[in-house]
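Data from data_39.cif: mmCIF, C-alpha atoms
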data_coords
loop_
_atom_site.label_atom_id
_atom_site.label_comp_id
_atom_site.auth_asym_id
_atom_site.auth_seq_id
_atom_site.Cartn_x
_atom_site.Cartn_y
_atom_site.Cartn_z
CA MET W 30 -8.63 76.25 94.00
CA ARG W 31 -11.87 77.32 92.33
CA ASP W 32 -14.10 74.78 90.64
CA ALA W 33 -17.11 75.07 88.34
CA VAL W 34 -20.40 73.42 89.24
CA ILE W 35 -23.73 73.16 87.46
CA VAL W 36 -26.42 74.36 89.84
CA ASP W 37 -29.34 73.63 87.55
CA ALA W 38 -30.12 73.00 83.90
CA VAL W 39 -33.36 73.54 82.04
CA ARG W 40 -34.61 73.19 78.48
CA THR W 41 -37.67 73.68 76.36
CA PRO W 42 -39.37 70.68 74.84
CA VAL W 43 -37.92 70.17 71.37
CA ALA W 44 -40.28 70.90 68.48
CA LYS W 45 -40.20 69.97 64.83
CA GLY W 46 -38.34 72.74 63.03
CA LYS W 47 -40.70 73.43 60.16
CA PRO W 48 -42.98 76.31 59.15
CA GLY W 49 -46.08 76.00 61.26
CA GLY W 50 -44.24 73.86 63.81
CA THR W 51 -45.16 74.12 67.47
CA LEU W 52 -42.42 76.63 68.35
CA SER W 53 -42.28 78.34 64.95
CA GLY W 54 -44.36 81.27 66.19
CA ILE W 55 -41.78 82.20 68.84
CA HIS W 56 -38.80 84.39 67.99
CA PRO W 57 -35.51 82.62 68.89
CA VAL W 58 -34.58 85.53 71.17
CA ASP W 59 -37.84 85.11 73.08
CA LEU W 60 -37.36 81.33 73.21
CA SER W 61 -33.94 81.94 74.74
CA ALA W 62 -35.41 84.40 77.22
CA HIS W 63 -37.93 81.76 78.26
CA VAL W 64 -35.25 79.34 79.49
CA LEU W 65 -33.29 82.16 81.16
CA THR W 66 -36.41 83.20 83.06
CA SER W 67 -37.21 79.61 83.99
CA LEU W 68 -33.65 79.02 85.21
CA ALA W 69 -33.83 82.09 87.46
CA GLU W 70 -37.24 81.13 88.83
CA ARG W 71 -36.20 77.53 89.57
CA THR W 72 -33.07 78.53 91.47
CA GLY W 73 -34.04 81.85 93.01
CA LEU W 74 -31.23 83.43 91.00
CA ASP W 75 -30.95 87.20 91.16
CA PRO W 76 -30.20 88.05 87.50
CA ALA W 77 -28.28 91.13 88.64
CA THR W 78 -25.54 88.83 89.97
CA VAL W 79 -24.91 87.15 86.60
CA ASP W 80 -21.52 88.09 85.16
CA ASP W 81 -22.17 86.84 81.63
CA VAL W 82 -24.54 84.81 79.45
CA VAL W 83 -22.72 82.78 76.80
CA TRP W 84 -25.13 81.53 74.14
CA GLY W 85 -24.59 79.01 71.36
CA CYS W 86 -26.25 79.53 67.99
CA VAL W 87 -25.22 78.17 64.59
CA THR W 88 -27.15 79.97 61.88
CA GLN W 89 -26.39 83.51 62.97
CA VAL W 90 -28.35 85.37 60.34
CA GLY W 91 -31.62 87.30 60.42
CA GLU W 92 -33.43 86.80 63.72
CA GLN W 93 -30.45 84.92 65.19
CA THR W 94 -27.80 87.54 64.51
CA GLY W 95 -26.60 90.60 66.43
CA SER W 96 -25.23 88.59 69.38
CA ILE W 97 -28.37 86.66 70.27
CA GLY W 98 -27.06 86.05 73.80
CA ARG W 99 -27.22 89.76 74.53
CA TYR W 100 -30.73 90.11 73.15
CA ALA W 101 -31.85 87.07 75.15
CA VAL W 102 -30.76 88.86 78.35
CA LEU W 103 -32.73 91.95 77.41
CA ALA W 104 -35.79 89.95 76.35
CA ALA W 105 -35.75 88.15 79.70
CA GLY W 106 -35.99 91.53 81.44
CA TRP W 107 -32.64 91.06 83.16
CA PRO W 108 -30.67 94.16 84.16
CA GLU W 109 -28.95 95.99 81.33
CA HIS W 110 -25.52 95.57 82.96
CA VAL W 111 -25.70 91.78 82.36
CA PRO W 112 -23.82 91.10 79.10
CA GLY W 113 -24.38 88.35 76.55
CA LEU W 114 -22.24 86.60 73.98
CA ALA W 115 -23.01 84.48 70.90
CA VAL W 116 -20.78 81.44 70.26
CA ASP W 117 -20.56 79.45 67.04
CA ARG W 118 -18.71 76.15 67.09
CA LEU W 119 -21.29 74.71 64.74
CA CYS W 120 -23.30 71.85 66.27
CA GLY W 121 -21.19 72.01 69.43
CA SER W 122 -21.90 75.71 70.01
CA SER W 123 -23.71 75.48 73.33
CA GLN W 124 -21.41 72.73 74.60
CA GLN W 125 -18.58 75.15 73.83
CA ALA W 126 -20.55 77.81 75.71
CA VAL W 127 -20.46 75.57 78.79
CA HIS W 128 -16.71 75.11 78.38
CA GLN W 129 -16.15 78.86 78.14
CA VAL W 130 -18.30 79.62 81.15
CA ALA W 131 -16.69 76.87 83.24
CA ALA W 132 -13.22 78.14 82.30
CA GLY W 133 -14.24 81.68 83.21
CA VAL W 134 -15.60 80.58 86.59
CA ILE W 135 -12.49 78.51 87.39
CA ALA W 136 -10.23 81.41 86.33
CA GLY W 137 -12.13 83.88 88.50
CA GLN W 138 -13.36 86.02 85.61
CA TYR W 139 -16.91 84.98 86.47
CA ASP W 140 -18.52 84.21 89.80
CA ILE W 141 -21.95 83.35 88.41
CA ALA W 142 -22.68 82.83 84.71
CA VAL W 143 -25.12 81.10 82.40
CA ALA W 144 -24.31 78.94 79.40
CA GLY W 145 -26.83 77.76 76.87
CA GLY W 146 -28.04 78.06 73.34
CA VAL W 147 -30.89 78.12 70.86
CA GLU W 148 -31.82 77.32 67.31
CA SER W 149 -35.09 78.06 65.57
CA MET W 150 -34.70 76.04 62.40
CA SER W 151 -38.30 76.73 61.43
CA ARG W 152 -37.69 80.49 61.33
CA VAL W 153 -34.01 80.55 60.33
CA PRO W 154 -33.44 77.63 57.96
CA MET W 155 -30.24 75.63 58.20
CA GLY W 156 -27.65 76.91 55.74
CA SER W 157 -29.33 80.27 55.20
CA ASN W 158 -26.12 81.96 56.35
CA LYS W 159 -24.07 80.23 53.63
CA THR W 160 -25.66 81.59 50.49
CA GLY W 161 -26.14 84.93 48.80
CA GLN W 162 -24.01 87.61 47.21
CA PHE W 163 -21.09 87.12 49.58
CA GLY W 164 -20.37 83.55 48.52
CA GLU W 165 -19.80 80.36 50.48
CA PRO W 166 -17.54 79.88 53.53
CA GLY W 167 -14.19 78.18 53.32
CA GLY W 168 -12.37 79.99 50.58
CA PRO W 169 -10.21 78.80 47.66
CA LEU W 170 -7.24 77.72 49.78
CA VAL W 171 -9.38 75.32 51.82
CA ARG W 172 -10.98 73.91 48.68
CA GLU W 173 -7.55 73.52 47.10
CA ARG W 174 -6.23 71.69 50.17
CA TYR W 175 -9.05 69.14 49.92
CA ASP W 176 -9.13 68.75 46.12
CA ASN W 177 -12.23 70.88 45.76
CA PHE W 178 -14.28 68.38 47.78
CA ARG W 179 -17.68 69.89 48.56
CA PHE W 180 -18.06 69.33 52.27
CA ASN W 181 -21.34 67.55 53.02
CA GLN W 182 -22.17 65.92 56.33
CA GLY W 183 -24.49 63.36 54.76
CA VAL W 184 -21.75 62.24 52.41
CA GLY W 185 -19.35 62.16 55.36
CA ALA W 186 -21.79 59.95 57.26
CA GLU W 187 -21.89 57.54 54.33
CA MET W 188 -18.09 57.49 54.25
CA ILE W 189 -17.61 56.66 57.92
CA ALA W 190 -20.38 54.04 57.83
CA GLU W 191 -18.49 52.30 55.04
CA GLU W 192 -15.11 52.69 56.75
CA TRP W 193 -16.41 51.32 60.05
CA GLY W 194 -18.46 48.54 58.46
CA LEU W 195 -21.87 49.72 59.68
CA THR W 196 -24.78 48.21 57.79
CA ARG W 197 -28.11 49.80 56.89
CA GLU W 198 -29.92 47.40 59.20
CA GLU W 199 -27.62 48.20 62.14
CA LEU W 200 -28.08 51.93 61.63
CA ASP W 201 -31.84 51.63 61.30
CA GLN W 202 -31.98 49.51 64.46
CA HIS W 203 -29.95 52.18 66.26
CA ALA W 204 -32.55 54.74 65.15
CA LEU W 205 -35.40 52.56 66.40
CA ASP W 206 -33.59 52.18 69.71
CA SER W 207 -33.33 55.97 70.02
CA HIS W 208 -37.07 56.41 69.53
CA ALA W 209 -37.89 53.56 71.91
CA LYS W 210 -35.66 54.98 74.66
CA ALA W 211 -37.07 58.49 74.22
CA ALA W 212 -40.65 57.20 74.28
CA ARG W 213 -39.93 55.27 77.48
CA ALA W 214 -38.33 58.36 79.06
CA ILE W 215 -41.41 60.43 78.23
CA ASP W 216 -43.82 57.77 79.49
CA GLU W 217 -41.89 57.41 82.76
CA GLY W 218 -41.71 61.19 83.30
CA ARG W 219 -37.92 61.33 83.23
CA PHE W 220 -37.84 64.69 81.45
CA LYS W 221 -40.32 66.53 83.64
CA GLY W 222 -37.71 67.87 86.06
CA GLN W 223 -35.66 69.46 83.28
CA LEU W 224 -38.39 70.96 81.10
CA ALA W 225 -39.62 74.54 80.92
CA PRO W 226 -42.98 74.13 79.13
CA VAL W 227 -43.82 76.86 76.62
CA THR W 228 -47.21 78.48 76.08
CA VAL W 229 -47.89 78.43 72.34
CA THR W 230 -50.66 79.80 70.14
CA ASP W 231 -51.97 77.92 67.12
CA ALA W 232 -53.19 79.34 63.80
CA ASP W 233 -56.71 79.69 65.21
CA GLY W 234 -55.54 81.76 68.17
CA ASN W 235 -55.93 78.96 70.71
CA THR W 236 -53.25 78.67 73.38
CA ARG W 237 -51.88 75.52 74.98
CA LEU W 238 -48.92 74.40 77.03
CA PHE W 239 -46.26 72.66 74.96
CA ASP W 240 -44.60 70.28 77.42
CA THR W 241 -43.49 67.14 75.52
CA ASP W 242 -40.77 66.57 72.92
CA GLU W 243 -42.69 66.02 69.71
CA GLY W 244 -40.22 64.29 67.40
CA VAL W 245 -40.52 60.85 68.97
CA ARG W 246 -42.08 58.24 66.68
CA ARG W 247 -43.58 55.09 68.13
CA GLY W 248 -44.13 51.76 66.47
CA GLY W 249 -41.42 52.03 63.84
CA THR W 250 -40.08 48.91 62.12
CA LEU W 251 -36.96 47.91 60.27
CA GLU W 252 -39.12 47.25 57.24
CA GLY W 253 -40.53 50.77 57.32
CA LEU W 254 -37.14 52.41 57.74
CA GLY W 255 -35.67 50.14 55.09
CA ALA W 256 -38.05 51.57 52.50
CA LEU W 257 -36.67 55.12 52.86
CA LYS W 258 -34.46 56.64 50.18
CA THR W 259 -30.72 57.24 50.60
CA PRO W 260 -30.29 60.82 49.32
CA PHE W 261 -26.53 61.11 49.76
CA LYS W 262 -25.46 57.97 47.94
CA GLU W 263 -27.26 55.58 45.63
CA GLY W 264 -27.62 52.31 47.47
CA GLY W 265 -26.20 53.96 50.57
CA VAL W 266 -27.16 53.65 54.23
CA ILE W 267 -28.10 57.18 55.39
CA THR W 268 -31.79 58.13 55.31
CA ALA W 269 -34.12 60.61 56.94
CA GLY W 270 -34.99 57.82 59.36
CA ASN W 271 -31.50 57.32 60.78
CA ALA W 272 -30.44 60.97 60.85
CA SER W 273 -31.23 63.73 63.34
CA GLN W 274 -34.39 65.77 63.01
CA ILE W 275 -34.53 69.45 62.10
CA SER W 276 -35.79 71.10 65.28
CA ASP W 277 -36.48 74.18 67.39
CA GLY W 278 -35.38 74.41 71.02
CA SER W 279 -33.34 76.12 73.71
CA ALA W 280 -31.56 75.17 76.95
CA ALA W 281 -29.59 76.88 79.72
CA LEU W 282 -27.30 75.93 82.62
CA LEU W 283 -26.40 77.96 85.72
CA ILE W 284 -22.70 77.64 86.58
CA THR W 285 -20.75 78.94 89.56
CA THR W 286 -18.25 77.70 92.18
CA SER W 287 -19.03 75.29 95.02
CA GLU W 288 -18.34 78.04 97.53
CA ILE W 289 -20.61 80.59 95.87
CA ALA W 290 -23.31 77.95 95.42
CA ALA W 291 -23.25 77.21 99.14
CA ALA W 292 -23.42 80.92 99.97
CA ASN W 293 -26.57 81.18 97.84
CA GLY W 294 -28.16 78.08 99.31
CA TRP W 295 -27.85 76.13 96.07
CA THR W 296 -27.17 72.40 95.92
CA PRO W 297 -25.31 71.79 92.64
CA ILE W 298 -26.00 68.77 90.48
CA ALA W 299 -22.58 68.14 88.97
CA ARG W 300 -19.04 69.42 88.76
CA PHE W 301 -17.38 70.32 85.47
CA HIS W 302 -14.57 67.76 85.61
CA THR W 303 -12.85 67.92 82.21
CA GLY W 304 -13.43 69.68 78.92
CA VAL W 305 -11.56 69.31 75.63
CA VAL W 306 -11.96 70.09 71.96
CA THR W 307 -10.18 68.57 68.99
CA GLY W 308 -10.18 68.47 65.21
CA VAL W 309 -10.31 65.82 62.50
CA ASP W 310 -10.33 66.07 58.71
CA PRO W 311 -13.32 68.08 57.46
CA ILE W 312 -14.37 65.45 54.91
CA THR W 313 -15.12 62.59 57.32
CA MET W 314 -15.86 65.30 59.86
CA LEU W 315 -18.25 63.17 61.88
CA LYS W 316 -15.48 61.04 63.40
CA GLY W 317 -14.59 63.81 65.85
CA PRO W 318 -16.25 62.44 69.00
CA VAL W 319 -13.93 59.39 68.94
CA PRO W 320 -10.60 61.25 69.38
CA ALA W 321 -12.30 63.89 71.53
CA THR W 322 -13.50 61.20 73.94
CA ARG W 323 -10.07 59.61 74.07
CA LYS W 324 -8.52 63.00 74.78
CA ALA W 325 -11.04 63.78 77.52
CA LEU W 326 -10.63 60.42 79.23
CA ALA W 327 -6.84 60.69 79.17
CA LYS W 328 -7.00 64.19 80.61
CA ALA W 329 -9.48 63.08 83.27
CA GLY W 330 -7.50 59.96 84.20
CA LEU W 331 -10.56 57.78 83.57
CA ALA W 332 -11.34 54.69 81.50
CA ILE W 333 -14.38 54.26 79.27
CA ASP W 334 -15.93 51.83 81.78
CA ASP W 335 -15.72 54.48 84.53
CA ILE W 336 -18.39 56.50 82.74
CA GLY W 337 -21.94 55.65 83.72
CA ALA W 338 -23.78 57.56 80.99
CA PHE W 339 -22.84 58.89 77.57
CA GLU W 340 -24.57 61.58 75.53
CA ILE W 341 -23.16 61.35 72.00
CA ASN W 342 -25.11 63.50 69.58
CA GLU W 343 -26.96 61.44 67.01
CA ALA W 344 -26.36 63.78 64.07
CA PHE W 345 -26.42 60.63 61.96
CA ALA W 346 -26.63 57.07 63.22
CA PRO W 347 -23.02 56.23 62.21
CA VAL W 348 -21.75 58.98 64.52
CA SER W 349 -23.09 57.53 67.77
CA LEU W 350 -23.10 53.85 66.81
CA GLY W 351 -19.64 54.13 65.24
CA TRP W 352 -18.38 55.94 68.34
CA GLN W 353 -19.67 53.12 70.53
CA ARG W 354 -18.06 50.44 68.35
CA GLN W 355 -14.72 52.25 68.12
CA LEU W 356 -14.42 52.83 71.86
CA GLY W 357 -16.07 49.66 73.15
CA ALA W 358 -18.51 51.59 75.32
CA ASP W 359 -21.48 49.84 76.90
CA TYR W 360 -24.34 50.30 74.43
CA ALA W 361 -26.86 50.39 77.27
CA ARG W 362 -25.19 53.54 78.65
CA LEU W 363 -25.31 55.37 75.29
CA ASN W 364 -28.02 58.05 75.04
CA PRO W 365 -30.14 56.27 77.67
CA ASN W 366 -33.09 58.60 77.14
CA GLY W 367 -32.90 58.72 73.37
CA GLY W 368 -30.88 61.00 71.15
CA ALA W 369 -31.24 63.51 68.35
CA ILE W 370 -32.70 60.94 65.95
CA ALA W 371 -35.75 60.83 68.21
CA LEU W 372 -35.65 64.05 70.20
CA GLY W 373 -34.31 66.36 67.49
CA HIS W 374 -31.23 68.47 66.89
CA PRO W 375 -31.79 72.23 67.29
CA LEU W 376 -28.17 72.90 66.24
CA GLY W 377 -26.92 75.71 68.52
CA GLY W 378 -29.13 74.54 71.38
CA SER W 379 -28.21 70.86 71.21
CA GLY W 380 -25.05 70.91 73.32
CA ALA W 381 -26.92 72.50 76.21
CA ARG W 382 -29.90 70.21 75.65
CA LEU W 383 -27.71 67.11 75.81
CA MET W 384 -25.96 68.36 78.94
CA THR W 385 -29.26 69.23 80.61
CA THR W 386 -30.53 65.73 79.95
CA LEU W 387 -27.22 64.23 81.08
CA VAL W 388 -26.94 65.99 84.45
CA HIS W 389 -30.54 65.22 85.37
CA HIS W 390 -30.06 61.57 84.39
CA MET W 391 -26.90 61.41 86.49
CA ARG W 392 -28.66 62.83 89.53
CA ASP W 393 -31.77 60.70 89.11
CA ASN W 394 -29.72 57.50 88.87
CA GLY W 395 -26.75 58.22 91.15
CA ILE W 396 -24.23 58.07 88.29
CA ARG W 397 -20.84 59.47 89.28
CA TYR W 398 -19.38 60.27 85.85
CA GLY W 399 -21.06 61.29 82.63
CA LEU W 400 -19.49 62.11 79.27
CA GLN W 401 -20.84 64.15 76.39
CA SER W 402 -19.46 64.65 72.89
CA MET W 403 -20.74 65.83 69.55
CA CYS W 404 -19.43 66.11 66.02
CA GLU W 405 -19.13 69.57 64.51
CA ALA W 406 -18.97 70.75 60.91
CA GLY W 407 -15.50 71.51 59.66
CA GLY W 408 -14.14 68.48 61.48
CA MET W 409 -14.22 69.28 65.21
CA ALA W 410 -15.66 67.83 68.40
CA ASN W 411 -16.03 68.88 72.03
CA ALA W 412 -16.01 66.36 74.85
CA THR W 413 -16.98 67.00 78.46
CA VAL W 414 -16.72 64.88 81.58
CA LEU W 415 -19.07 65.75 84.45
CA GLU W 416 -18.92 64.44 88.00
CA LEU W 417 -21.99 64.06 90.17
CA ILE W 418 -22.01 66.00 93.44
#
Now, as a test, write the supplied structure out as structure tokens.
Amino acid sequence: MRDAVIVDAVRTPVAKGKPGGTLSGIHPVDLSAHVLTSLAERTGLDPATVDDVVWGCVTQVGEQTGSIGRYAVLAAGWPEHVPGLAVDRLCGSSQQAVHQVAAGVIAGQYDIAVAGGVESMSRVPMGSNKTGQFGEPGGPLVRERYDNFRFNQGVGAEMIAEEWGLTREELDQHALDSHAKAARAIDEGRFKGQLAPVTVTDADGNTRLFDTDEGVRRGGTLEGLGALKTPFKEGGVITAGNASQISDGSAALLITTSEIAAANGWTPIARFHTGVVTGVDPITMLKGPVPATRKALAKAGLAIDDIGAFEINEAFAPVSLGWQRQLGADYARLNPNGGAIALGHPLGGSGARLMTTLVHHMRDNGIRYGLQSMCEAGGMANATVLELI
């Protein structure tokens, strides 16, 4: 039987996704090409052997439209016969890309393929594909089904925090923990083996190498976070301090079979063990990682304590902290190198970024099983179990 293994995984440092941000001068296609090129250089991959590039991207409008996966291939200078595909499963887009590539490899449709994703939120603002003369997504039947509720993730985060009994102080502490873990990972050089530094040019024409995630804040306090406003609910618990950061970034993973890896002299990092996707109601849409994790563990024949590291996307603090409380997972194993609250959330690139960080952490620490999940707008969640090789 064929399997699917991750040979290598690489990502850019994550930048603040604002006009004038560190990566804002780089077109998202070129940013994608950068990680494709880096992946090939690191592994000695002949791009001509790649059967497909499946690329996650959420806001597919303007510079990120026209099947950005295909344009990334061309921008990287890879042969024209290498195709590319754009995937949109909202925040889980590039995790879904990994699932599709792994399924294609196991089925024999692909021998060698690349999964990844990108989002340039500085150049293509979040939500810019949901406005204009063509109206909003969803349609009248969806709105009728949910009593004309206006779907809003911040409101959903407030709702699940209340349902699960998560206090403002607990959520703010979770945010501080994320920054502290990310700062420690940077200081200890844990990310160096997974990063593809980017040469950037500032407004004065000076160039430098961007090689460190820039969203991490040091020295934060509960008092400081406690002073922030709660924009989604008066007297609520969700603030800019305990939510993910708007970011730019890209990541890519090389996937093939064990047999083909051996033939190419590659030593894979991890095996794609189990992958699932599930849905929940689109109002409290952020609950998705809980049932997705349960589904993945049942399918894998594993218990929560069998997993040595978890990457649960910190879209909002109640997502990851609530997930941990609901499933009884070891808090110390949750986002051990920080999460999106500290490192940022470049939407379509986040699934691949989380998985890149996860597989390197597994290899560096001899962890047999790792699990990743992330909430997705519309009420969905992917979950993936990886096994160290």
**Asked** Of the candidates W:Thr259, W:Asn177, W:Thr88, W:Ser402, which one gets nearest to Trp352 of chain W if we count all atoms listed in the file?
**Response** W:Ser402
**Item:** Straight-line distance linking atom CA of Asp117 of chain W with atom CA of Val87 of chain W, stated in Å to one decimal
**Value:** 5.4 Å
**Asked** Which polymer residues have any atom within 12 Å of an atom of Leu195 of chain W, counting all atoms listed in the file, with same-chain residues fewer than 3 positions away left out, as a PyMOL selection string?
**Response** chain W and resi 186-192+198-203+265-267+346-355
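Atom CA of Val79 of chain W to atom CA of Gly91 of chain W spans 27.0 Å [interatomic distance, one decimal].
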**Request:** Would you translate the PyMOL selection byres ((chain W and resi 150) around 10) into the concrete set of residues it matches in this file, as a VMD selection string?
**Result:** chain W and resid 44 to 48 50 52 to 53 57 87 to 88 147 to 149 151 to 157 275 to 278 374 to 377
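Minimum atom-to-atom distances from W:Val388, W:Val245, W:Gly95, W:Ala292 to Lys210 of chain W were compared using all atoms listed in the file, and the lowest value belongs to W:Val245.
With atom CA of Ala299 of chain W on one side and atom CA of Thr386 of chain W on the other, the separation reads 12.3 Å.
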**Request:** Specify as a PyMOL selection string each residue included when the PyMOL selection byres ((chain W and resi 372) around 9) is applied to this file.
**Result:** chain W and resi 42-44+207-208+211+242-245+273-274+276+367-371+373-374
**Message:** As a check of understanding, name the residues that the PyMOL selection byres ((chain W and resi 127-144) around 6) selects in the supplied structure, as a VMD selection string.
**Reply:** chain W and resid 31 to 33 79 to 84 124 to 126 145 281 to 285
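The protein and nucleic acid residues lying at most 10 Å from Met409 of chain W are Arg118, Leu119, Cys120, Gly121, Val306, Thr307, Gly308, Val309, Asp310, Pro311, Met314, Leu315, Lys316, Gly317, Pro318, Pro320, Ala321 and Met403 of chain W, with all atoms listed in the file considered and sequence neighbours fewer than 6 positions away removed.
Distance annotation: of W:Ala291, W:Ala361, W:Asn366, W:Met391, the residue with the minimal separation from Arg213 of chain W is W:Asn366; atom set is all atoms listed in the file.
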**Request:** Tell me which protein, DNA and RNA residues are within 8 Å of Gly304 of chain W, counting all atoms listed in the file, leaving out same-chain ones fewer than 3 positions away, and put them as a ChimeraX atom specification.
**Result:** /W:128,301,325,411-414
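For the residues W:His389, W:Arg179, W:Arg172, W:His110, ranking by smallest atom-to-atom distance to Thr313 of chain W using only C-alpha atoms places W:Arg179 first.
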**Request:** Return the single residue from W:Gly249, W:Pro260, W:Pro169, W:Gly399 that is closest to Thr322 of chain W, with distances computed using all atoms listed in the file.
**Result:** W:Gly399
**Message:** Taking only C-alpha atoms into account, name the residue in W:Ser123, W:Gln89, W:Gln182, W:Thr241 that is nearest to Lys159 of chain W.
**Reply:** W:Gln89
**Message:** Here's a test: counting all atoms listed in the file, identify every protein, DNA and RNA residue with an atom at most 6 Å from (-23.0, 75.7, 91.1) in the file's coordinate frame, and state them as a PyMOL selection string.
**Reply:** chain W and resi 34-36+284-287+290+297
Box along x, y and z, 8 Å on every side, all listed atoms of segment 41-53 of chain W inside: centre and edge lengths in Å to one decimal, as JSON.
{"center_x": -41.9, "center_y": 74.2, "center_z": 67.8, "size_x": 24.4, "size_y": 24.4, "size_z": 33.2}
